[in-house]
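**Student:** Dumping the structure here so I can ask a few things about it.
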Amino acid sequence: MRLALDILTVVLVSAGGFFFMAGTIGLLRFPDTLTRLHALTKVDNLGLGLIVFGLLPQVESRLDGLKLVAIWLLVQISGAIVSQLIAQATRRSGPRT
Amino acid sequence: MTPAFAFEIVLAGLLLAIATWTILARRAFAAVVLFMVFGLLLAIVWVNLSAVDVALTEAAIGGGVTSMVLLGAASRLRGSKAAVPRVSLPFKITAGVFCALVSAALATVVFSLPDVAPTLAPMAKENLAESGLGNPVAAVLFVFRALDTLLEKVVLLLALVGVWSLASDRAWNGVPALRVYESPSRILVFLATTRFATAALPALAGSPAPRHSQYPFSRAVP
Amino acid sequence: MTITSFLFTAAGFVLLMVALGLARILRGPTHADRILSVQLIGSGGVAVLLLLSVAAKFPPIMDVALMLGLLATFVSVAFLGDAADSSSAFTGTTEDQ
């Protein structure tokens, strides 16, 4: 049982790390502000989410697991709000090519 | 080389790179952003050194408040002569030498600290039950040295009133008064409400939990 | 390789991704790009701290992660508000700074 949980952790955290890498590469390589914004939201949602779910089998108490998920939801909401604000401001002044 | 050690090396290298970059940045905005990143990374360093309370403070103040204050200052300077200062080379060299001397002095002090630091911490821990709180740091701040904390706030308030009184009204865009927002952006209000709710969590959770027990990172401070 | 050293390695990896994302601060033609980097650092920092917290079996670090998540958003919004005030900020570089 322990081994299965550990394998689950490794798989999920690795997947989360992969999305972090994808988001960072997107941030560096995409041509436009709005496309980079799109890449970044993947990091917030999937990258952090997969890491959180990968850590859930490893925590000691249920309260800590709840805290992990709560932190993930918070970062998601923050990311969504900041993305909306950035997109609003960029649209107002016209996107750069 | 254990992964923990490798992680610390990456962290330290990153910190040094960002510090250098902040000094060399050309634009004020970029420099402020880099300073904020430096503050956030420093919070991770404090966590690594088992100082979780210091990490919280660093993240909040170094990463948040100071960055916003600096940002306000940078935006004030935008477009004025003071934004791009021209200093002569001898001045830069003197400043560099002075900074190096300060760093050397700090390093000497840090490396020659006694192994057992003289401290009142055991006495604080013994009297913890009387204070009614679980965390020794919170007990010191709110119970044992409560007057100290209160007077700090009084001093800050006096300083603020003094600055407001002595500065010209023009510098503050008018007489200091309550600022009323015509149509508050609903997004920002939502953000503030959720933040406020979640900020209450650490404040409530912070007091009872003792933080200074078994930290598995083996620390050997020379 | 134990699960603890795997989690440390993952934390180091995410930290490297955050470091790469900083290049956007240097190159980003508009202020919006720099604000995106701040958001990435916020999410990445939270991920690193959560990984450290579980790897060291020391739950209070999650509170620091919570604080970091909150602060990164606040600072992003502050940068955004300031950049929007100066109308030229979103359309190109501002050489006068």
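Labeling convention for the structure tokens: chains A, B, ... as they appear, residues from 1 per chain, ligands from 1 in order of appearance.
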Please return, as a PyMOL selection string, all residues of chain A lying within 8 Å of chain C when only C-alpha atoms are considered.

**Tutor:** chain A and resi 6+10+13-14+17+20-21+24-25+27-28+33+36-37+40+43-44+48+51-52+55+58-60+64+67-68+71+74-75+78-79+82+85-86+89-90+93-96

**Student:** With only C-alpha atoms considered, list every residue of chain C at most 6 Å from chain B, as a PyMOL selection string.

**Tutor:** chain C and resi 5+8-9+12+56+64+68+71+96-97

**Student:** If you run DSSP over the backbone, which residues in chain C end up alpha helix (DSSP H)? Put them as a PyMOL selection string.

**Tutor:** chain C and resi 3-21+23-27+31-55+61-85

**Student:** Nearest to chain B: which of A:Met1, A:Leu34, A:Ile77, A:Ala15 is it, counting only C-alpha atoms?

**Tutor:** A:Ile77

**Student:** May I ask which of the residues A:Leu56, A:Ala22, A:Leu73, A:Leu46 is the closest one to chain B, counting only C-alpha atoms?

**Tutor:**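 Counting only C-alpha atoms, the residue closest to chain B is A:Leu73.
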
**Student:** In Å, how far is it from atom CA of Ile7 of chain A to atom CA of Val45 of chain B?

**Tutor:**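 Spanning atom CA of Ile7 of chain A to atom CA of Val45 of chain B is a straight-line distance of 29.0 Å.
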